[in-house]
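S.K.: Input structure: input06.pdb, which contains PDB, C-alpha atoms.
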```
MODEL        1
ATOM      1  CA  MET A  11      91.371 101.141  41.397
ATOM      2  CA  LYS A  12      89.614 100.205  38.154
ATOM      3  CA  ARG A  13      91.722  97.068  37.918
ATOM      4  CA  GLU A  14      90.752  96.103  41.483
ATOM      5  CA  LYS A  15      87.047  96.581  40.741
ATOM      6  CA  ARG A  16      87.309  94.537  37.569
ATOM      7  CA  ALA A  17      89.127  91.808  39.490
ATOM      8  CA  GLN A  18      86.416  91.771  42.161
ATOM      9  CA  ARG A  19      83.676  91.454  39.537
ATOM     10  CA  TYR A  20      85.600  88.704  37.783
ATOM     11  CA  TRP A  21      86.239  86.584  40.922
ATOM     12  CA  GLY A  22      83.289  84.288  41.581
ATOM     13  CA  SER A  23      81.539  85.148  38.317
ATOM     14  CA  VAL A  24      80.440  82.589  35.763
ATOM     15  CA  ARG A  25      83.156  83.965  33.486
ATOM     16  CA  PHE A  26      85.728  83.056  36.164
ATOM     17  CA  TYR A  27      84.455  79.479  36.439
ATOM     18  CA  ARG A  28      84.160  79.114  32.683
ATOM     19  CA  HIS A  29      87.761  80.251  32.217
ATOM     20  CA  LEU A  30      88.886  77.934  34.997
ATOM     21  CA  ILE A  31      87.111  75.013  33.341
ATOM     22  CA  VAL A  32      88.585  75.742  29.922
ATOM     23  CA  GLY A  33      92.065  76.151  31.384
ATOM     24  CA  SER A  34      91.803  72.833  33.166
ATOM     25  CA  VAL A  35      90.473  71.136  30.052
ATOM     26  CA  LEU A  36      93.421  72.306  27.961
ATOM     27  CA  GLY A  37      95.731  70.805  30.555
ATOM     28  CA  GLY A  38      93.935  67.459  30.683
ATOM     29  CA  LEU A  39      90.933  65.874  29.047
ATOM     30  CA  LEU A  40      89.350  67.726  26.137
ATOM     31  CA  LEU A  41      86.077  69.352  27.186
ATOM     32  CA  SER A  42      85.960  67.622  30.580
ATOM     33  CA  THR A  43      83.313  68.771  32.976
ATOM     34  CA  SER A  44      84.245  71.145  35.737
ATOM     35  CA  LEU A  45      83.490  68.727  38.535
ATOM     36  CA  ALA A  46      85.787  66.150  37.025
ATOM     37  CA  VAL A  47      88.579  68.712  37.159
ATOM     38  CA  PHE A  48      87.759  70.334  40.505
ATOM     39  CA  TRP A  49      86.979  67.237  42.511
ATOM     40  CA  GLY A  50      89.000  64.434  40.921
ATOM     41  CA  VAL A  51      85.876  62.394  40.342
ATOM     42  CA  GLU A  52      85.523  59.547  37.876
ATOM     43  CA  ASN A  53      85.354  60.626  34.242
ATOM     44  CA  ARG A  54      83.055  58.449  32.151
ATOM     45  CA  GLN A  55      83.854  59.148  28.510
ATOM     46  CA  LEU A  56      80.911  59.646  26.215
ATOM     47  CA  LYS A  57      80.969  59.083  22.498
ATOM     48  CA  GLY A  58      78.245  60.818  20.531
ATOM     49  CA  ALA A  59      76.980  62.248  23.856
ATOM     50  CA  ALA A  60      75.716  58.890  25.130
ATOM     51  CA  PRO A  61      77.044  56.926  28.138
ATOM     52  CA  VAL A  62      79.344  54.057  27.271
ATOM     53  CA  SER A  63      80.040  50.872  29.206
ATOM     54  CA  VAL A  64      81.287  51.115  32.771
ATOM     55  CA  GLU A  65      85.040  51.363  33.263
ATOM     56  CA  GLN A  66      86.922  50.350  36.361
ATOM     57  CA  GLU A  67      86.848  53.227  38.806
ATOM     58  CA  ARG A  68      90.094  55.136  38.930
ATOM     59  CA  ALA A  69      91.496  55.944  42.336
ATOM     60  CA  LEU A  70      91.674  59.717  42.149
ATOM     61  CA  ALA A  71      92.067  61.650  45.369
ATOM     62  CA  PRO A  72      88.996  63.848  46.001
ATOM     63  CA  MET A  73      89.638  67.555  46.377
ATOM     64  CA  GLN A  74      87.837  69.956  48.656
ATOM     65  CA  MET A  75      86.524  73.173  47.255
ATOM     66  CA  VAL A  76      84.603  76.100  48.702
ATOM     67  CA  LEU A  77      82.962  78.441  46.228
ATOM     68  CA  PRO A  78      82.886  82.144  47.092
ATOM     69  CA  ASP A  79      79.676  84.118  47.268
ATOM     70  CA  GLY A  80      78.482  85.116  43.809
ATOM     71  CA  ALA A  81      79.829  88.333  42.384
ATOM     72  CA  ALA A  82      77.620  90.906  40.725
ATOM     73  CA  ALA A  83      76.576  90.106  37.176
ATOM     74  CA  GLU A  84      78.879  91.648  34.590
ATOM     75  CA  GLY A  85      77.214  92.343  31.272
ATOM     76  CA  ALA A  86      74.291  90.726  29.488
ATOM     77  CA  GLU A  87      76.061  87.408  28.933
ATOM     78  CA  ILE A  88      75.846  86.563  32.647
ATOM     79  CA  ALA A  89      72.600  88.357  33.484
ATOM     80  CA  TYR A  90      71.129  85.000  34.538
ATOM     81  CA  GLN A  91      73.169  85.235  37.727
ATOM     82  CA  ASN A  92      70.448  87.589  38.940
ATOM     83  CA  ALA A  93      67.607  85.253  37.947
ATOM     84  CA  HIS A  94      65.804  83.317  40.683
ATOM     85  CA  PRO A  95      67.619  85.091  43.545
ATOM     86  CA  ALA A  96      66.364  82.562  46.115
ATOM     87  CA  LEU A  97      67.636  79.566  44.129
ATOM     88  CA  TYR A  98      70.713  78.696  46.175
ATOM     89  CA  ALA A  99      71.584  75.555  48.100
ATOM     90  CA  GLU A 100      71.388  75.997  51.860
ATOM     91  CA  LYS A 101      74.932  74.655  52.166
ATOM     92  CA  ARG A 102      77.487  76.173  49.831
ATOM     93  CA  ASP A 103      80.550  74.078  50.672
ATOM     94  CA  PHE A 104      81.868  71.121  48.678
ATOM     95  CA  ALA A 105      83.562  68.913  51.264
ATOM     96  CA  PHE A 106      83.406  65.228  50.395
ATOM     97  CA  ALA A 107      83.888  62.348  52.785
ATOM     98  CA  PRO A 108      86.303  59.505  51.965
ATOM     99  CA  ASP A 109      84.735  56.945  49.641
ATOM    100  CA  ARG A 110      82.902  54.116  51.366
ATOM    101  CA  GLU A 111      84.189  50.710  50.305
ATOM    102  CA  LYS A 112      81.866  48.413  48.323
ATOM    103  CA  THR A 113      78.929  50.805  48.447
ATOM    104  CA  VAL A 114      76.030  50.922  46.004
ATOM    105  CA  TYR A 115      73.993  54.084  45.441
ATOM    106  CA  LEU A 116      70.719  53.167  43.734
ATOM    107  CA  THR A 117      69.191  56.136  41.914
ATOM    108  CA  PHE A 118      65.771  56.340  40.263
ATOM    109  CA  ASP A 119      64.963  58.957  37.609
ATOM    110  CA  ASP A 120      61.650  60.250  36.217
ATOM    111  CA  GLY A 121      59.239  59.520  39.071
ATOM    112  CA  PRO A 122      56.911  59.680  40.789
ATOM    113  CA  THR A 123      54.686  57.197  38.953
ATOM    114  CA  GLN A 124      52.478  54.252  39.807
ATOM    115  CA  ARG A 125      55.718  52.258  40.259
ATOM    116  CA  THR A 126      57.114  54.496  43.001
ATOM    117  CA  GLY A 127      55.149  52.874  45.807
ATOM    118  CA  GLU A 128      56.226  49.408  44.630
ATOM    119  CA  ILE A 129      59.870  50.499  44.587
ATOM    120  CA  LEU A 130      59.588  52.022  48.061
ATOM    121  CA  ASP A 131      58.027  48.845  49.450
ATOM    122  CA  ILE A 132      60.843  46.682  48.047
ATOM    123  CA  LEU A 133      63.488  49.021  49.451
ATOM    124  CA  ASP A 134      61.759  48.895  52.850
ATOM    125  CA  ARG A 135      61.684  45.100  52.748
ATOM    126  CA  TYR A 136      65.476  44.970  52.362
ATOM    127  CA  GLY A 137      66.258  47.947  54.592
ATOM    128  CA  VAL A 138      67.844  49.803  51.668
ATOM    129  CA  LYS A 139      67.885  53.580  51.193
ATOM    130  CA  ALA A 140      68.132  55.129  47.728
ATOM    131  CA  THR A 141      67.932  58.415  45.824
ATOM    132  CA  PHE A 142      65.039  59.654  43.677
ATOM    133  CA  PHE A 143      65.611  62.365  41.057
ATOM    134  CA  VAL A 144      62.056  63.462  40.401
ATOM    135  CA  VAL A 145      60.087  65.332  37.745
ATOM    136  CA  TYR A 146      57.183  67.748  38.140
ATOM    137  CA  ARG A 147      53.739  66.308  38.787
ATOM    138  CA  ASP A 148      50.934  68.247  40.447
ATOM    139  CA  ASP A 149      48.311  65.574  41.131
ATOM    140  CA  GLU A 150      47.653  64.546  44.730
ATOM    141  CA  ALA A 151      48.878  60.969  44.251
ATOM    142  CA  SER A 152      52.250  62.230  43.013
ATOM    143  CA  LYS A 153      52.524  64.753  45.835
ATOM    144  CA  GLU A 154      51.930  61.937  48.288
ATOM    145  CA  MET A 155      54.769  59.983  46.667
ATOM    146  CA  TYR A 156      57.129  62.963  47.053
ATOM    147  CA  ARG A 157      56.262  62.955  50.743
ATOM    148  CA  GLU A 158      56.624  59.170  51.027
ATOM    149  CA  ILE A 159      60.116  59.257  49.517
ATOM    150  CA  VAL A 160      61.204  61.688  52.216
ATOM    151  CA  ALA A 161      59.250  60.039  55.050
ATOM    152  CA  ARG A 162      60.868  56.662  54.359
ATOM    153  CA  GLY A 163      64.362  58.093  54.661
ATOM    154  CA  HIS A 164      65.402  58.371  51.027
ATOM    155  CA  THR A 165      67.090  61.304  49.300
ATOM    156  CA  ILE A 166      64.964  63.401  46.956
ATOM    157  CA  GLY A 167      66.656  65.481  44.283
ATOM    158  CA  VAL A 168      65.811  67.590  41.247
ATOM    159  CA  HIS A 169      65.724  65.979  37.815
ATOM    160  CA  SER A 170      63.565  68.272  35.686
ATOM    161  CA  ALA A 171      60.173  69.950  35.678
ATOM    162  CA  SER A 172      59.379  69.340  32.015
ATOM    163  CA  HIS A 173      61.959  66.692  31.025
ATOM    164  CA  ASP A 174      61.749  68.294  27.573
ATOM    165  CA  TYR A 175      65.379  68.368  26.419
ATOM    166  CA  GLY A 176      64.749  70.865  23.647
ATOM    167  CA  LYS A 177      63.103  73.270  26.080
ATOM    168  CA  VAL A 178      65.403  72.715  29.062
ATOM    169  CA  TYR A 179      68.623  73.226  27.105
ATOM    170  CA  GLN A 180      67.626  76.249  25.009
ATOM    171  CA  SER A 181      69.726  78.508  27.243
ATOM    172  CA  VAL A 182      71.101  78.825  30.756
ATOM    173  CA  ASP A 183      68.005  80.862  31.633
ATOM    174  CA  SER A 184      65.670  78.122  30.410
ATOM    175  CA  TYR A 185      67.601  75.538  32.418
ATOM    176  CA  LEU A 186      67.316  77.667  35.561
ATOM    177  CA  ASP A 187      63.586  78.233  34.966
ATOM    178  CA  ASP A 188      62.971  74.498  34.674
ATOM    179  CA  PHE A 189      65.163  73.675  37.683
ATOM    180  CA  ASP A 190      63.521  76.315  39.873
ATOM    181  CA  GLN A 191      60.022  75.029  39.083
ATOM    182  CA  MET A 192      60.989  71.523  40.213
ATOM    183  CA  TYR A 193      62.946  72.813  43.206
ATOM    184  CA  GLN A 194      59.979  74.856  44.428
ATOM    185  CA  GLN A 195      57.591  71.929  43.959
ATOM    186  CA  ILE A 196      59.736  69.658  46.131
ATOM    187  CA  TYR A 197      60.090  72.319  48.815
ATOM    188  CA  GLU A 198      56.401  73.251  48.889
ATOM    189  CA  VAL A 199      55.218  69.630  49.050
ATOM    190  CA  THR A 200      57.853  68.081  51.339
ATOM    191  CA  GLY A 201      59.535  70.954  53.175
ATOM    192  CA  VAL A 202      62.897  69.733  51.865
ATOM    193  CA  ARG A 203      65.205  72.116  49.996
ATOM    194  CA  PRO A 204      66.984  69.695  47.636
ATOM    195  CA  ASP A 205      70.655  70.378  46.973
ATOM    196  CA  LEU A 206      71.365  67.382  44.710
ATOM    197  CA  PHE A 207      70.309  67.054  41.094
ATOM    198  CA  ARG A 208      70.759  65.051  37.924
ATOM    199  CA  PHE A 209      70.725  66.585  34.471
ATOM    200  CA  PRO A 210      68.083  65.223  32.071
ATOM    201  CA  GLY A 211      70.071  62.960  29.763
ATOM    202  CA  GLY A 212      73.170  63.262  31.945
ATOM    203  CA  SER A 213      75.446  66.265  32.321
ATOM    204  CA  VAL A 214      76.813  65.967  28.768
ATOM    205  CA  ASN A 215      74.386  65.089  26.002
ATOM    206  CA  ALA A 216      73.494  65.895  22.409
ATOM    207  CA  TYR A 217      71.191  68.743  23.472
ATOM    208  CA  ASN A 218      73.525  70.751  25.711
ATOM    209  CA  MET A 219      76.943  70.576  24.041
ATOM    210  CA  ASP A 220      77.100  74.356  23.582
ATOM    211  CA  LEU A 221      75.889  75.097  27.105
ATOM    212  CA  TYR A 222      76.862  72.382  29.542
ATOM    213  CA  GLN A 223      80.024  74.049  30.864
ATOM    214  CA  GLU A 224      78.195  77.306  31.480
ATOM    215  CA  ILE A 225      75.227  75.585  33.157
ATOM    216  CA  ILE A 226      77.521  73.518  35.376
ATOM    217  CA  ALA A 227      79.475  76.621  36.384
ATOM    218  CA  GLU A 228      76.293  78.457  37.340
ATOM    219  CA  MET A 229      74.886  75.534  39.328
ATOM    220  CA  LEU A 230      78.196  75.179  41.171
ATOM    221  CA  ARG A 231      78.127  78.884  41.950
ATOM    222  CA  ARG A 232      74.699  78.391  43.501
ATOM    223  CA  GLY A 233      75.977  75.518  45.644
ATOM    224  CA  PHE A 234      74.204  72.551  44.020
ATOM    225  CA  VAL A 235      75.847  69.147  43.470
ATOM    226  CA  TYR A 236      75.061  66.974  40.450
ATOM    227  CA  TYR A 237      75.495  63.242  39.932
ATOM    228  CA  ASP A 238      75.814  61.241  36.750
ATOM    229  CA  TRP A 239      76.278  57.466  37.033
ATOM    230  CA  ASN A 240      78.937  54.812  36.501
ATOM    231  CA  VAL A 241      76.613  51.789  36.329
ATOM    232  CA  GLY A 242      73.885  51.661  33.706
ATOM    233  CA  SER A 243      70.983  49.244  34.079
ATOM    234  CA  GLY A 244      69.844  49.158  30.467
ATOM    235  CA  ASP A 245      66.238  49.364  31.656
ATOM    236  CA  THR A 246      65.343  51.757  28.821
ATOM    237  CA  MET A 247      66.614  49.384  26.133
ATOM    238  CA  ARG A 248      64.137  47.565  23.927
ATOM    239  CA  GLY A 249      63.656  43.997  25.087
ATOM    240  CA  ALA A 250      65.056  44.590  28.574
ATOM    241  CA  THR A 251      63.886  42.038  31.124
ATOM    242  CA  ALA A 252      64.252  41.784  34.880
ATOM    243  CA  GLY A 253      67.045  39.291  34.279
ATOM    244  CA  THR A 254      69.024  41.411  31.819
ATOM    245  CA  ILE A 255      68.642  44.508  34.013
ATOM    246  CA  ALA A 256      69.888  42.682  37.107
ATOM    247  CA  ASP A 257      72.778  41.086  35.196
ATOM    248  CA  ARG A 258      73.872  44.413  33.728
ATOM    249  CA  VAL A 259      73.915  46.122  37.128
ATOM    250  CA  VAL A 260      75.639  43.322  39.034
ATOM    251  CA  GLU A 261      78.207  42.553  36.338
ATOM    252  CA  GLY A 262      78.949  46.242  35.801
ATOM    253  CA  MET A 263      79.447  47.067  39.478
ATOM    254  CA  PRO A 264      82.919  48.486  40.246
ATOM    255  CA  GLU A 265      84.780  46.947  43.151
ATOM    256  CA  LYS A 266      84.781  50.155  45.178
ATOM    257  CA  ARG A 267      81.457  51.916  44.651
ATOM    258  CA  GLY A 268      78.717  52.257  42.071
ATOM    259  CA  ILE A 269      76.128  54.923  41.310
ATOM    260  CA  VAL A 270      73.384  53.015  39.491
ATOM    261  CA  LEU A 271      70.945  54.533  36.994
ATOM    262  CA  LEU A 272      67.432  53.053  37.172
ATOM    263  CA  HIS A 273      64.103  54.495  36.059
ATOM    264  CA  ASP A 274      60.889  55.013  37.993
ATOM    265  CA  SER A 275      58.556  55.048  35.001
ATOM    266  CA  ALA A 276      55.053  53.678  34.597
ATOM    267  CA  ASN A 277      56.202  51.264  31.872
ATOM    268  CA  LYS A 278      59.204  49.973  33.830
ATOM    269  CA  LEU A 279      57.671  46.933  35.534
ATOM    270  CA  GLN A 280      60.861  45.042  34.634
ATOM    271  CA  THR A 281      62.896  47.486  36.723
ATOM    272  CA  VAL A 282      60.681  46.831  39.736
ATOM    273  CA  GLN A 283      60.995  43.073  39.213
ATOM    274  CA  ALA A 284      64.781  43.331  38.867
ATOM    275  CA  LEU A 285      65.244  45.304  42.073
ATOM    276  CA  PRO A 286      65.121  42.381  44.574
ATOM    277  CA  ARG A 287      67.571  40.404  42.419
ATOM    278  CA  ILE A 288      69.976  43.352  42.282
ATOM    279  CA  ILE A 289      69.869  43.891  46.039
ATOM    280  CA  GLU A 290      70.195  40.215  46.976
ATOM    281  CA  ARG A 291      73.042  39.478  44.573
ATOM    282  CA  LEU A 292      75.059  42.540  45.558
ATOM    283  CA  GLN A 293      74.476  41.988  49.263
ATOM    284  CA  GLY A 294      75.708  38.442  48.699
ATOM    285  CA  GLN A 295      78.929  39.906  47.297
ATOM    286  CA  GLY A 296      79.454  42.058  50.379
ATOM    287  CA  TYR A 297      78.116  45.380  49.102
ATOM    288  CA  SER A 298      76.141  47.787  51.260
ATOM    289  CA  PHE A 299      73.622  50.379  50.065
ATOM    290  CA  ALA A 300      73.303  54.068  50.861
ATOM    291  CA  PRO A 301      71.486  57.168  49.593
ATOM    292  CA  LEU A 302      73.390  60.017  48.013
ATOM    293  CA  ASP A 303      74.020  63.180  49.985
ATOM    294  CA  ARG A 304      76.295  66.130  49.356
ATOM    295  CA  THR A 305      79.186  64.470  51.200
ATOM    296  CA  VAL A 306      79.353  61.719  48.535
ATOM    297  CA  ARG A 307      81.976  62.386  45.874
ATOM    298  CA  PRO A 308      80.176  62.865  42.545
ATOM    299  CA  CYS A 309      80.562  60.758  39.447
ATOM    300  CA  THR A 310      80.498  62.911  36.306
ATOM    301  CA  PHE A 311      80.758  62.495  32.554
ATOM    302  CA  ALA A 312      83.332  63.831  30.119
ATOM    303  CA  TYR A 313      82.832  64.236  26.386
ATOM    304  CA  LYS A 314      85.030  62.553  23.804
ATOM    305  CA  PRO A 315      84.550  63.955  20.287
ATOM    306  CA  GLU A 316      84.372  61.642  17.288
TER     307      GLU A 316
ENDMDL
END
```
What would the structure in this file look like if it were written as structure tokens?

M.R.:
Amino acid sequence: MKREKRAQRYWGSVRFYRHLIVGSVLGGLLLSTSLAVFWGVENRQLKGAAPVSVEQERALAPMQMVLPDGAAAEGAEIAYQNAHPALYAEKRDFAFAPDREKTVYLTFDDGPTQRTGEILDILDRYGVKATFFVVYRDDEASKEMYREIVARGHTIGVHSASHDYGKVYQSVDSYLDDFDQMYQQIYEVTGVRPDLFRFPGGSVNAYNMDLYQEIIAEMLRRGFVYYDWNVGSGDTMRGATAGTIADRVVEGMPEKRGIVLLHDSANKLQTVQALPRIIERLQGQGYSFAPLDRTVRPCTFAYKPE
């Protein structure tokens, strides 16, 4: 009887997912992320916890996975399972559709800003839908931009409330606190309960190396889906121009599909100027554009130690 109770507490707990991740890692890539193992998604190797150049997408068959309802917390080390009891995705399944051929998923991090309206207008002009991973802003202009993103048919997802890496990645609890603040802001302003998110700095970075597996396991348990990227734009690099940003995106686009990282920041005029060039050149090559949703197979990072 005691063994059965222990087994019930273990199944569905963060400890279960953490053990499953570690077991999978030992059988494959060192310290790979859980989604890369569970779902057969692309693994983008990072060196020094920073994204490297885009590789050709590997044709890995996506797997379907349904997570069980969370088990009761077992001990202090997983007490955060009881934190934010309403913080669960409305849908808890992970069933991905077959990949769409030659599809581009434009994603914009760090908005809303004064550039958001310009980006939305360009997307409208070309009939393109995209995904915005937003940060917390409480002024009325920013709230209106949250609403505009949704009203114009784009996907809105959680990025971070504070975008302070040192604060966000102090612990699993601090990550959940930050995520919940942004989640609640989106819901209160737009009525949308976002179920997609992007980690600040990507899922594997220099600030979360001791925690990323545990955070990923907990977010999976709560039903949320995260997306890294397989096409970098270089729009945060010093000296980036509209031309270099467009070239980097177009030349780095995989044949099958690309999840593109762009930034919606006040100082990213070059990104706004590059956007029409990116859309026109990729449309000319036969690509279509779509927003992310939870049926799209994620692209996730893996970590490669020095």

S.K.: Please measure the separation of CA of Phe209 (chain A) and CA of Glu100 (chain A), giving the value in Å to one decimal.

M.R.: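 Between these atoms lies a distance of 19.8 Å.
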
S.K.: Find the distance between CA of Asp220 (chain A) and CA of Arg208 (chain A) and write it in Å to one decimal.

M.R.: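 Between CA of Asp220 (chain A) and CA of Arg208 (chain A) the gap is 18.2 Å.
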
S.K.: Have a look at A:Leu133, A:Val235, A:Val138, A:Leu97 and name the one nearest to Thr305 (chain A); count all atoms listed in the file.

M.R.: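 Between A:Leu133, A:Val235, A:Val138, A:Leu97, the residue approaching Thr305 (chain A) most closely is A:Val235.
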
S.K.: Can you translate the PyMOL selection byres ((chain A and resi 275) around 8) into the concrete residues it hits in this file, as a list of chain:residue names?

M.R.: A:Asp119, A:Asp120, A:Gly121, A:Pro122, A:Thr123, A:Gln124, A:Arg125, A:His273, A:Asp274, A:Ala276, A:Asn277, A:Lys278

S.K.: What is the CA of Met247 (chain A)-CA of Met219 (chain A) distance in Å, reported with one decimal?

M.R.: 23.7 Å

S.K.: Which of these residues is nearest to His169 (chain A), using all atoms listed in the file: A:Phe311, A:Tyr156, A:Phe142, A:Phe104?

M.R.: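 Closest to His169 (chain A) of all the choices is A:Phe142.
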
S.K.: For the structure shown, which residues end up in the PyMOL selection byres ((chain A and resi 245) around 12)? Put them as JSON, numbers by chain, please?

M.R.: {"A": [118, 119, 241, 242, 243, 244, 246, 247, 248, 249, 250, 251, 252, 253, 254, 255, 256, 257, 258, 259, 270, 271, 272, 273, 274, 275, 277, 278, 279, 280, 281, 282, 283, 284, 285]}

S.K.: Let me know the residues the PyMOL selection byres ((chain A and resi 301) around 6) catches in the file above, as a list in words.

M.R.: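 In the shown coordinates, the PyMOL selection byres ((chain A and resi 301) around 6) covers Tyr115, Lys139, Ala140, Thr141, Ala300 and Leu302 of chain A.
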
S.K.: Would you write out those residues with C-alpha atoms, as a tab-separated table (two decimals), in the coordinates of the input?

M.R.:
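That gives us result00.tsv:
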```tsv
chain	number	residue	atom	x	y	z
A	115	TYR	CA	73.99	54.08	45.44
A	139	LYS	CA	67.89	53.58	51.19
A	140	ALA	CA	68.13	55.13	47.73
A	141	THR	CA	67.93	58.42	45.82
A	300	ALA	CA	73.30	54.07	50.86
A	302	LEU	CA	73.39	60.02	48.01
```

S.K.: Excluding region 105-111 of chain A and its own-chain neighbours fewer than 3 positions away, which residues fall within 6 Å of it when counting only C-alpha atoms? Please give them as a PyMOL selection string.

M.R.: chain A and resi 74+266+305-307

S.K.: Kindly extract all protein, DNA and RNA residues lying within 10 Å of the coordinates (59.5, 57.0, 53.7) given in the file, considering all atoms listed in the file, and supply them as JSON, numbers by chain.

M.R.: {"A": [127, 130, 131, 133, 134, 139, 155, 156, 157, 158, 159, 160, 161, 162, 163, 164, 165]}

S.K.: Restricting the calculation to only C-alpha atoms: of A:Asp190, A:Asp303, A:Glu290, A:His173, which residue gets closest to Arg135 (chain A)?

M.R.: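 Checking each of A:Asp190, A:Asp303, A:Glu290, A:His173 against Arg135 (chain A), counting only C-alpha atoms, the winner is A:Glu290.
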
S.K.: List the spatial neighbours of Pro204 (chain A) as a compact mmCIF listing (two decimals) with C-alpha atoms, keeping the file's coordinate frame - criterion: any atom at most 10 Å away, all atoms listed in the file, same-chain residues fewer than 6 positions off excluded.

M.R.:
```
# COMPACT_ATOMS: atom_id res chain seq x y z
CA TYR A 98 70.71 78.70 46.18
CA ALA A 99 71.58 75.56 48.10
CA GLU A 100 71.39 76.00 51.86
CA PHE A 143 65.61 62.36 41.06
CA THR A 165 67.09 61.30 49.30
CA ILE A 166 64.96 63.40 46.96
CA GLY A 167 66.66 65.48 44.28
CA VAL A 168 65.81 67.59 41.25
CA MET A 192 60.99 71.52 40.21
CA TYR A 193 62.95 72.81 43.21
CA GLN A 194 59.98 74.86 44.43
CA ILE A 196 59.74 69.66 46.13
CA TYR A 197 60.09 72.32 48.82
CA PHE A 234 74.20 72.55 44.02
CA VAL A 235 75.85 69.15 43.47
CA ASP A 303 74.02 63.18 49.98
```

S.K.: Can you pull out every residue within 8 Å of Leu221 (chain A), counting all atoms listed in the file, but drop anything in the same chain fewer than 5 positions away, and send it as a list of chain:residue names?

M.R.: A:Tyr179, A:Ser181, A:Val182

S.K.: Grab the residues selected above and save them as a short mmCIF file (atom, residue, chain, number, x, y, z; two decimals), keeping the file's coordinate frame with C-alpha atoms.

M.R.:
```cif
data_model
loop_
_atom_site.label_atom_id
_atom_site.label_comp_id
_atom_site.auth_asym_id
_atom_site.auth_seq_id
_atom_site.Cartn_x
_atom_site.Cartn_y
_atom_site.Cartn_z
CA TYR A 179 68.62 73.23 27.10
CA SER A 181 69.73 78.51 27.24
CA VAL A 182 71.10 78.82 30.76
#
```

S.K.: Edge lengths and centre in Å to one decimal, as JSON, is what I'm after for the box along x, y and z that holds all listed atoms of region 288-305 of chain A once 3 Å is added on each side.

M.R.:
```
{"center_x": 74.7, "center_y": 52.3, "center_z": 46.8, "size_x": 15.6, "size_y": 33.7, "size_z": 15.0}
```

S.K.: From the list A:Leu292, A:Thr117, A:His94, A:Glu265, which residue is nearest Asp187 (chain A) when using all atoms listed in the file?

M.R.: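 Smallest separation from Asp187 (chain A) among the options: A:His94.
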